[in-house]
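First the structure, in the form of structure tokens, and then the observations on it.
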Amino acid sequence: MSELRRHWTPTAVVYLVLSVAGLVGTWIFNAFAIAQMRDFIGDLVSSGPAVSSITVDLLVVAIAGSIFILVEGRRLGMRFTWVYVVLSGLTAFAFTFPLFLAMRQRRLTARAAV
């Protein structure tokens, strides 16, 4: 059990908490959209300039973050970092990016301990 707790710094825990908040927060609204039988994609693109602005903003951040995940994961020798990018399409980038940051922090801590 102590192996599971190794290398968890306060920073990694904060990232992990943000990851869970991102998952829960986005899926609550996804559940509302499903329950109300809304056209999710249509609502994103046709609800006015403010929503479109937010959509573009988040899309650019998600693309930049995905590139960072792949490049930084390779630099640190982390395996299967592409899974974070794929999971972001199935869950939410607000979940996978902080999750990656938590795992990255653990990797950095483990490397410093050696």
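By order in the structure tokens, chains are A, B, ...; within a chain, residues start at 1; ligands start at 1, following the order shown.
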(request) Write out as a list in words which residues come within 6 Å of Leu99 (chain A) when counting only C-alpha atoms, dropping same-chain ones fewer than 3 positions away. (result)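 That gives Leu16, Ser19, Thr96 and Ala102 of chain A.
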(request) For Leu101 (chain A), list every protein, DNA or RNA residue within 12 Å, evaluated using only C-alpha atoms, and leave out those in the same chain fewer than 3 positions away; present the list as a PyMOL selection string. (result) chain A and resi 8-9+11-19+65-66+68-70+72-73+78+81+84+93-98+104-108
Dump N, CA and C atoms for the selected residues as a short mmCIF file (atom, residue, chain, number, x, y, z; two decimals), in the first residue's frame?
```
data_model
loop_
_atom_site.label_atom_id
_atom_site.label_comp_id
_atom_site.auth_asym_id
_atom_site.auth_seq_id
_atom_site.Cartn_x
_atom_site.Cartn_y
_atom_site.Cartn_z
N TRP A 8 3.70 11.19 -4.02
CA TRP A 8 2.55 12.11 -4.11
C TRP A 8 2.88 13.38 -3.34
N THR A 9 3.27 14.42 -4.07
CA THR A 9 3.56 15.71 -3.46
C THR A 9 2.25 16.49 -3.33
N THR A 11 1.57 19.24 -4.69
CA THR A 11 1.25 19.72 -6.03
C THR A 11 0.54 18.63 -6.83
N ALA A 12 1.03 17.41 -6.76
CA ALA A 12 0.39 16.30 -7.47
C ALA A 12 -1.02 16.07 -6.96
N VAL A 13 -1.23 16.20 -5.66
CA VAL A 13 -2.57 16.01 -5.08
C VAL A 13 -3.51 17.12 -5.57
N VAL A 14 -3.03 18.36 -5.64
CA VAL A 14 -3.86 19.45 -6.16
C VAL A 14 -4.27 19.17 -7.59
N TYR A 15 -3.32 18.73 -8.41
CA TYR A 15 -3.64 18.38 -9.80
C TYR A 15 -4.68 17.26 -9.86
N LEU A 16 -4.53 16.28 -9.00
CA LEU A 16 -5.47 15.17 -8.99
C LEU A 16 -6.87 15.63 -8.58
N VAL A 17 -6.96 16.51 -7.59
CA VAL A 17 -8.25 17.05 -7.17
C VAL A 17 -8.88 17.85 -8.32
N LEU A 18 -8.08 18.66 -9.02
CA LEU A 18 -8.58 19.40 -10.17
C LEU A 18 -9.09 18.45 -11.26
N SER A 19 -8.38 17.36 -11.45
CA SER A 19 -8.79 16.36 -12.43
C SER A 19 -10.17 15.80 -12.10
N GLY A 65 -2.47 21.86 -24.97
CA GLY A 65 -2.24 20.96 -23.84
C GLY A 65 -1.97 19.53 -24.29
N SER A 66 -2.65 19.10 -25.33
CA SER A 66 -2.41 17.75 -25.87
C SER A 66 -0.99 17.62 -26.42
N PHE A 68 1.54 19.42 -25.40
CA PHE A 68 2.39 19.42 -24.22
C PHE A 68 2.44 18.04 -23.57
N ILE A 69 1.29 17.39 -23.45
CA ILE A 69 1.23 16.05 -22.85
C ILE A 69 2.14 15.09 -23.61
N LEU A 70 2.04 15.10 -24.92
CA LEU A 70 2.82 14.16 -25.73
C LEU A 70 4.32 14.47 -25.68
N GLU A 72 6.03 16.44 -23.38
CA GLU A 72 6.56 16.34 -22.02
C GLU A 72 6.60 14.88 -21.55
N GLY A 73 5.58 14.12 -21.90
CA GLY A 73 5.58 12.71 -21.54
C GLY A 73 6.75 11.96 -22.15
N MET A 78 7.63 8.90 -19.88
CA MET A 78 6.34 8.35 -19.45
C MET A 78 5.74 7.55 -20.60
N THR A 81 1.30 8.10 -22.94
CA THR A 81 0.74 9.44 -22.74
C THR A 81 -0.36 9.74 -23.77
N TYR A 84 -4.00 9.81 -22.51
CA TYR A 84 -4.60 11.03 -21.95
C TYR A 84 -5.31 11.83 -23.04
N PHE A 93 -11.17 17.25 -21.30
CA PHE A 93 -9.79 17.70 -21.14
C PHE A 93 -9.58 18.24 -19.73
N ALA A 94 -10.66 18.78 -19.14
CA ALA A 94 -10.59 19.28 -17.76
C ALA A 94 -10.31 18.14 -16.78
N PHE A 95 -10.51 16.92 -17.19
CA PHE A 95 -10.17 15.74 -16.39
C PHE A 95 -8.78 15.23 -16.72
N THR A 96 -8.50 15.04 -18.01
CA THR A 96 -7.26 14.37 -18.39
C THR A 96 -6.02 15.24 -18.22
N PHE A 97 -6.13 16.55 -18.44
CA PHE A 97 -4.94 17.39 -18.32
C PHE A 97 -4.45 17.48 -16.87
N PRO A 98 -5.32 17.78 -15.89
CA PRO A 98 -4.82 17.74 -14.51
C PRO A 98 -4.36 16.35 -14.08
N ARG A 104 2.68 13.47 -13.98
CA ARG A 104 3.95 14.12 -14.32
C ARG A 104 4.69 14.52 -13.04
N GLN A 105 3.94 15.10 -12.09
CA GLN A 105 4.55 15.52 -10.82
C GLN A 105 5.11 14.32 -10.07
N ARG A 106 4.38 13.22 -10.09
CA ARG A 106 4.88 12.00 -9.46
C ARG A 106 6.16 11.53 -10.14
N ARG A 107 6.19 11.60 -11.46
CA ARG A 107 7.39 11.18 -12.21
C ARG A 107 8.58 12.06 -11.84
N LEU A 108 8.35 13.37 -11.78
CA LEU A 108 9.44 14.29 -11.44
C LEU A 108 9.95 14.04 -10.01
#
```
(message) Nearest residue to Glu3 (chain A) out of A:Leu59, A:Met37, A:Ala110, A:Val86, using only C-alpha atoms?
(response)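 Smallest distance to Glu3 (chain A) is found for A:Ala110.
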